[in-house]
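Asks: File follows, model23.txt with compact mmCIF, C-alpha atoms:
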```txt
# COMPACT_ATOMS: atom_id res chain seq x y z
CA MET A 1 -35.79 35.67 -141.65
CA THR A 2 -34.69 33.61 -138.66
CA LEU A 3 -35.66 36.27 -136.10
CA VAL A 4 -38.16 39.09 -136.52
CA VAL A 5 -38.91 41.67 -133.83
CA ASP A 6 -41.90 43.73 -134.95
CA ARG A 7 -42.66 46.98 -133.10
CA ALA A 8 -41.87 45.52 -129.69
CA THR A 9 -42.51 47.66 -126.62
CA ILE A 10 -41.07 46.27 -123.39
CA ARG A 11 -41.61 47.64 -119.90
CA ARG A 12 -39.89 47.03 -116.57
CA GLY A 13 -42.42 47.98 -113.92
CA SER A 14 -43.65 51.47 -114.76
CA ARG A 15 -40.69 52.25 -117.05
CA THR A 16 -40.69 51.73 -120.81
CA VAL A 17 -37.28 50.28 -121.60
CA ILE A 18 -37.78 49.66 -125.32
CA SER A 19 -40.39 51.39 -127.46
CA GLU A 20 -41.69 50.04 -130.79
CA LEU A 21 -38.42 48.38 -131.79
CA SER A 22 -38.28 46.53 -135.09
CA MET A 23 -35.29 44.46 -136.18
CA SER A 24 -34.52 41.19 -137.93
CA VAL A 25 -31.72 38.65 -138.13
CA GLU A 26 -31.23 36.57 -141.25
CA ALA A 27 -29.90 33.05 -141.55
CA GLY A 28 -26.10 33.09 -141.58
CA GLU A 29 -25.92 36.44 -139.81
CA ILE A 30 -24.38 37.55 -136.51
CA VAL A 31 -25.99 40.66 -135.02
CA GLY A 32 -24.56 42.53 -132.05
CA VAL A 33 -26.94 44.56 -129.90
CA VAL A 34 -24.98 47.51 -128.53
CA GLY A 35 -25.62 50.66 -126.53
CA PRO A 36 -25.01 52.28 -123.14
CA ASN A 37 -25.89 50.66 -119.81
CA GLY A 38 -29.61 50.88 -119.17
CA CYS A 39 -30.61 50.93 -122.85
CA GLY A 40 -32.31 47.53 -122.63
CA LYS A 41 -29.90 45.07 -124.24
CA SER A 42 -30.50 42.31 -121.69
CA THR A 43 -34.19 43.14 -121.56
CA LEU A 44 -34.51 42.73 -125.33
CA LEU A 45 -32.63 39.42 -125.38
CA SER A 46 -34.68 38.00 -122.51
CA CYS A 47 -37.83 38.98 -124.39
CA ILE A 48 -36.57 37.24 -127.56
CA ALA A 49 -35.73 34.19 -125.46
CA GLY A 50 -39.23 33.96 -124.02
CA VAL A 51 -38.36 34.99 -120.47
CA LEU A 52 -39.88 38.48 -120.32
CA ALA A 53 -43.12 39.24 -122.19
CA PRO A 54 -43.40 42.39 -124.34
CA ARG A 55 -46.22 44.80 -123.66
CA ASP A 56 -46.87 45.19 -127.39
CA GLY A 57 -45.49 43.89 -130.66
CA ARG A 58 -44.57 40.47 -132.00
CA ILE A 59 -41.41 38.36 -131.95
CA THR A 60 -40.98 35.30 -134.16
CA ILE A 61 -38.24 32.70 -134.57
CA GLY A 62 -38.45 30.70 -137.78
CA GLY A 63 -41.97 32.06 -138.24
CA ALA A 64 -43.16 30.81 -134.83
CA SER A 65 -44.33 33.42 -132.34
CA VAL A 66 -42.31 33.44 -129.12
CA TRP A 67 -45.32 34.87 -127.28
CA GLY A 68 -48.12 33.31 -129.34
CA ALA A 69 -50.20 30.17 -128.83
CA GLN A 70 -48.63 27.33 -126.83
CA ARG A 71 -47.73 25.28 -129.90
CA GLU A 72 -45.89 28.23 -131.46
CA ARG A 73 -44.10 29.03 -128.21
CA VAL A 74 -42.80 25.47 -127.96
CA LYS A 75 -41.65 25.51 -131.58
CA ALA A 76 -39.87 28.86 -131.15
CA ARG A 77 -38.03 27.66 -128.07
CA THR A 78 -36.85 24.43 -129.68
CA LEU A 79 -35.25 26.51 -132.46
CA MET A 80 -33.22 28.59 -130.00
CA GLY A 81 -30.24 28.33 -127.66
CA TYR A 82 -30.05 30.99 -124.94
CA VAL A 83 -27.39 32.14 -122.48
CA PRO A 84 -28.59 34.91 -120.11
CA GLU A 85 -26.34 37.62 -118.72
CA GLY A 86 -25.72 35.83 -115.44
CA ALA A 87 -25.41 32.38 -117.03
CA ASP A 88 -27.33 31.10 -114.02
CA PRO A 89 -29.30 27.87 -114.56
CA PRO A 90 -30.23 25.88 -111.41
CA GLY A 91 -27.03 25.70 -109.37
CA PHE A 92 -27.58 22.19 -108.04
CA LEU A 93 -27.10 20.71 -111.52
CA ARG A 94 -23.78 19.35 -112.65
CA ALA A 95 -22.69 20.51 -116.09
CA ARG A 96 -23.25 17.10 -117.70
CA GLU A 97 -26.78 17.06 -116.26
CA LEU A 98 -27.47 20.48 -117.78
CA TRP A 99 -26.26 19.28 -121.18
CA ALA A 100 -28.30 16.08 -120.96
CA LEU A 101 -31.43 18.03 -120.01
CA CYS A 102 -31.01 20.46 -122.91
CA ALA A 103 -30.18 17.68 -125.38
CA THR A 104 -33.28 15.71 -124.38
CA SER A 105 -35.59 18.73 -124.57
CA ARG A 106 -34.40 19.51 -128.11
CA GLY A 107 -34.08 15.92 -129.29
CA VAL A 108 -30.38 16.31 -130.13
CA GLU A 109 -27.08 14.71 -129.15
CA PRO A 110 -24.93 15.74 -126.14
CA PRO A 111 -21.90 17.99 -126.79
CA SER A 112 -19.72 16.76 -129.66
CA ALA A 113 -15.99 16.16 -129.26
CA GLU A 114 -15.35 19.37 -131.25
CA LEU A 115 -17.58 21.45 -128.98
CA ARG A 116 -16.13 19.90 -125.83
CA SER A 117 -12.59 20.64 -127.02
CA ALA A 118 -13.31 24.23 -128.12
CA LEU A 119 -14.90 25.25 -124.82
CA GLY A 120 -12.97 22.91 -122.51
CA LEU A 121 -16.16 21.19 -121.38
CA ASP A 122 -14.70 17.87 -120.24
CA GLU A 123 -13.05 19.49 -117.22
CA LEU A 124 -16.43 20.98 -116.22
CA ALA A 125 -18.63 17.93 -116.71
CA ASP A 126 -18.82 16.78 -113.08
CA LEU A 127 -18.78 20.22 -111.46
CA ALA A 128 -21.94 21.71 -109.95
CA LEU A 129 -22.85 25.00 -111.59
CA ASP A 130 -22.92 26.86 -108.26
CA ARG A 131 -19.32 25.79 -107.60
CA MET A 132 -18.04 27.28 -110.86
CA SER A 133 -16.41 30.63 -111.57
CA LEU A 134 -18.25 33.01 -113.89
CA GLY A 135 -16.08 31.94 -116.83
CA GLN A 136 -16.61 28.23 -116.15
CA ARG A 137 -20.36 28.67 -115.81
CA ARG A 138 -20.42 30.71 -119.01
CA ARG A 139 -18.61 27.92 -120.87
CA ALA A 140 -20.98 25.28 -119.48
CA CYS A 141 -24.03 27.31 -120.55
CA LEU A 142 -22.57 28.01 -123.99
CA GLY A 143 -22.06 24.26 -124.38
CA ALA A 144 -25.75 23.76 -123.65
CA ALA A 145 -26.88 26.60 -125.94
CA LEU A 146 -24.88 25.31 -128.91
CA LEU A 147 -26.31 21.78 -128.79
CA GLY A 148 -28.03 20.78 -132.01
CA PRO A 149 -26.93 23.30 -133.17
CA PRO A 150 -29.99 25.59 -132.84
CA ARG A 151 -31.32 27.74 -135.64
CA LEU A 152 -30.86 30.86 -133.49
CA LEU A 153 -28.43 31.64 -130.68
CA VAL A 154 -29.41 34.36 -128.19
CA LEU A 155 -26.35 35.27 -126.13
CA ASP A 156 -26.14 37.99 -123.49
CA GLU A 157 -22.50 39.05 -123.08
CA PRO A 158 -21.13 35.58 -123.94
CA ASP A 159 -17.57 36.97 -123.89
CA ASN A 160 -17.82 38.01 -120.24
CA GLY A 161 -15.49 35.96 -118.02
CA LEU A 162 -13.72 34.12 -120.85
CA ASP A 163 -9.94 34.15 -121.25
CA VAL A 164 -8.26 34.94 -124.57
CA LYS A 165 -8.06 31.28 -125.63
CA ARG A 166 -11.72 30.53 -125.00
CA LEU A 167 -12.80 33.86 -126.50
CA ALA A 168 -11.03 32.98 -129.75
CA ALA A 169 -12.58 29.50 -129.69
CA LEU A 170 -16.05 30.98 -129.16
CA ALA A 171 -15.56 33.40 -132.06
CA GLU A 172 -14.68 30.47 -134.30
CA LEU A 173 -17.72 28.50 -133.13
CA LEU A 174 -20.05 31.44 -133.85
CA GLN A 175 -18.52 31.96 -137.29
CA GLN A 176 -19.00 28.26 -138.05
CA HIS A 177 -22.56 28.56 -136.81
CA ALA A 178 -23.15 31.42 -139.26
CA ALA A 179 -21.43 29.56 -142.10
CA GLY A 180 -23.90 26.71 -141.54
CA GLY A 181 -26.79 29.07 -142.31
CA ARG A 182 -27.75 29.72 -138.69
CA ALA A 183 -28.15 33.01 -136.88
CA THR A 184 -26.86 34.66 -133.71
CA VAL A 185 -28.04 37.74 -131.84
CA LEU A 186 -25.83 38.81 -128.95
CA ALA A 187 -25.04 41.68 -126.63
CA SER A 188 -21.45 42.72 -125.96
CA HIS A 189 -19.54 45.78 -124.81
CA ASP A 190 -16.42 44.65 -126.69
CA ALA A 191 -16.40 46.46 -130.04
CA ALA A 192 -13.16 44.79 -131.12
CA TRP A 193 -14.62 41.33 -130.54
CA LEU A 194 -17.74 42.22 -132.54
CA ASP A 195 -15.42 43.27 -135.36
CA VAL A 196 -13.69 39.87 -135.20
CA LEU A 197 -17.09 38.21 -135.49
CA GLY A 198 -18.07 40.39 -138.44
CA ALA A 199 -21.24 41.28 -136.56
CA ARG A 200 -23.78 43.76 -137.85
CA ARG A 201 -24.69 46.16 -135.07
CA VAL A 202 -28.11 47.20 -133.82
CA GLU A 203 -27.73 50.19 -131.50
CA LEU A 204 -30.17 50.86 -128.68
CA GLU A 205 -30.61 54.14 -126.84
CA VAL A 206 -31.79 54.76 -123.29
CA ALA A 207 -35.57 55.30 -123.46
CA ALA A 208 -36.92 58.67 -122.38
CA GLY A 209 -39.68 57.42 -120.12
```
Can the structure in the file be given as structure tokens, please?

Replies:
Amino acid sequence: MTLVVDRATIRRGSRTVISELSMSVEAGEIVGVVGPNGCGKSTLLSCIAGVLAPRDGRITIGGASVWGAQRERVKARTLMGYVPEGADPPGFLRARELWALCATSRGVEPPSAELRSALGLDELADLALDRMSLGQRRRACLGAALLGPPRLLVLDEPDNGLDVKRLAALAELLQQHAAGGRATVLASHDAAWLDVLGARRVELEVAAG
């Protein structure tokens, strides 16, 4: 398994958002996390990405614990590319600086010609992230997340803000990612787009307490 979530309980303040959730994502699989607003989709993905710690349970990527010892945490993070819901890395960075930073941290090359063409990255390269529209910032962050490419993509509403052309290009990139034996877990409200991706769905419900 590329990703294993084992009986994870996640709280936001005094509220339990997710209770004892178990799920897995295999190599070559695209999994869509779905459910109503407030069910914890973004919370779950941020926990998988190592941003928000679970109260209980275990999460592993490639066998390395996201919330384990420091060595395992580092390994888990190098296997993953993450785009949060707001796609909001430090705004003072230019896009090319974001890509260079991510490439260096993972020990991989900057965006390939194919990736730049698919997401229209060249036109964004010298723009500061805080001067971009939501769709532009999303494309810049997707370019960073896909570098490597990583063993696991964690994408929170990656389709938000993209036009039809870029949405189709992203679908093709994610399908190629899966065909290469890599995994994706993503949240989206667009059922039709999940169908295009051939995504298996994991449905969350709003927690009672």

Asks: Identify the residues around (-18.7, 47.2, -124.0) within a radius of 12 Å, measuring from only C-alpha atoms in the coordinates stated by the file, and give them as a list in words.

Replies: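 Returned residue set, sorted by chain then number, is Gly32, Val33, Val34, Gly35, Pro36, Asn37, Lys41, Asp156, Glu157, Pro158, Asp159, Asn160, Ala187, Ser188, His189, Asp190, Ala191, Ala192, Trp193 and Leu194 of chain A.
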
Asks: Suppose you want the space between CA of Arg106 in chain A and CA of Thr78 in chain A; what is it in Å?

Replies: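 Taking CA of Arg106 in chain A as the start and CA of Thr78 in chain A as the end point, the length is 5.7 Å.
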
Asks: Would you mind listing what lies within 7 Å of range 87-100 of chain A as a PyMOL selection string, with all atoms listed in the file counted and same-chain residues fewer than 4 positions away left out?

Replies: chain A and resi 83+104+110+124-130+137-138+140-141+144

Asks: Could the residues in this selection be saved with C-alpha atoms as a CSV table (one decimal), keeping the file's coordinate frame?

Replies:
```
chain,number,residue,atom,x,y,z
A,83,VAL,CA,-27.4,32.1,-122.5
A,104,THR,CA,-33.3,15.7,-124.4
A,110,PRO,CA,-24.9,15.7,-126.1
A,124,LEU,CA,-16.4,21.0,-116.2
A,125,ALA,CA,-18.6,17.9,-116.7
A,126,ASP,CA,-18.8,16.8,-113.1
A,127,LEU,CA,-18.8,20.2,-111.5
A,128,ALA,CA,-21.9,21.7,-110.0
A,129,LEU,CA,-22.8,25.0,-111.6
A,130,ASP,CA,-22.9,26.9,-108.3
A,137,ARG,CA,-20.4,28.7,-115.8
A,138,ARG,CA,-20.4,30.7,-119.0
A,140,ALA,CA,-21.0,25.3,-119.5
A,141,CYS,CA,-24.0,27.3,-120.6
A,144,ALA,CA,-25.8,23.8,-123.6
```

Asks: Tell me which of A:Leu79, A:Leu45, A:Ala27, A:Leu52 sits closest to Arg11 in chain A, counting only C-alpha atoms.

Replies: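 Among the listed residues, A:Leu52 lies closest to Arg11 in chain A.
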
Asks: Just want the 12 Å neighbourhood of Gly198 in chain A, counted on all atoms listed in the file, with same-chain residues fewer than 6 positions away dropped. Output as a count of residues only.

Replies: 14

Asks: Please measure the separation of CA of Leu170 in chain A and CA of Gly120 in chain A, giving the value in Å to one decimal.

Replies: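 Between these atoms lies a distance of 10.9 Å.
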
Asks: CA of Thr9 in chain A and CA of Ala207 in chain A, how far apart in Å?

Replies: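 It comes out at 10.8 Å.
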
Asks: Select, from A:Asp56, A:Glu72, A:Glu203, A:Asp122, the residue with the minimum atom-to-atom distance to Cys39 in chain A, counting all atoms listed in the file.

Replies: A:Glu203

Asks: Pick from A:Leu197, A:Lys165, A:Ala53, A:Arg58: nearest to Ser24 in chain A, with only C-alpha atoms counted?

Replies: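 Closest to Ser24 in chain A of all the choices is A:Arg58.
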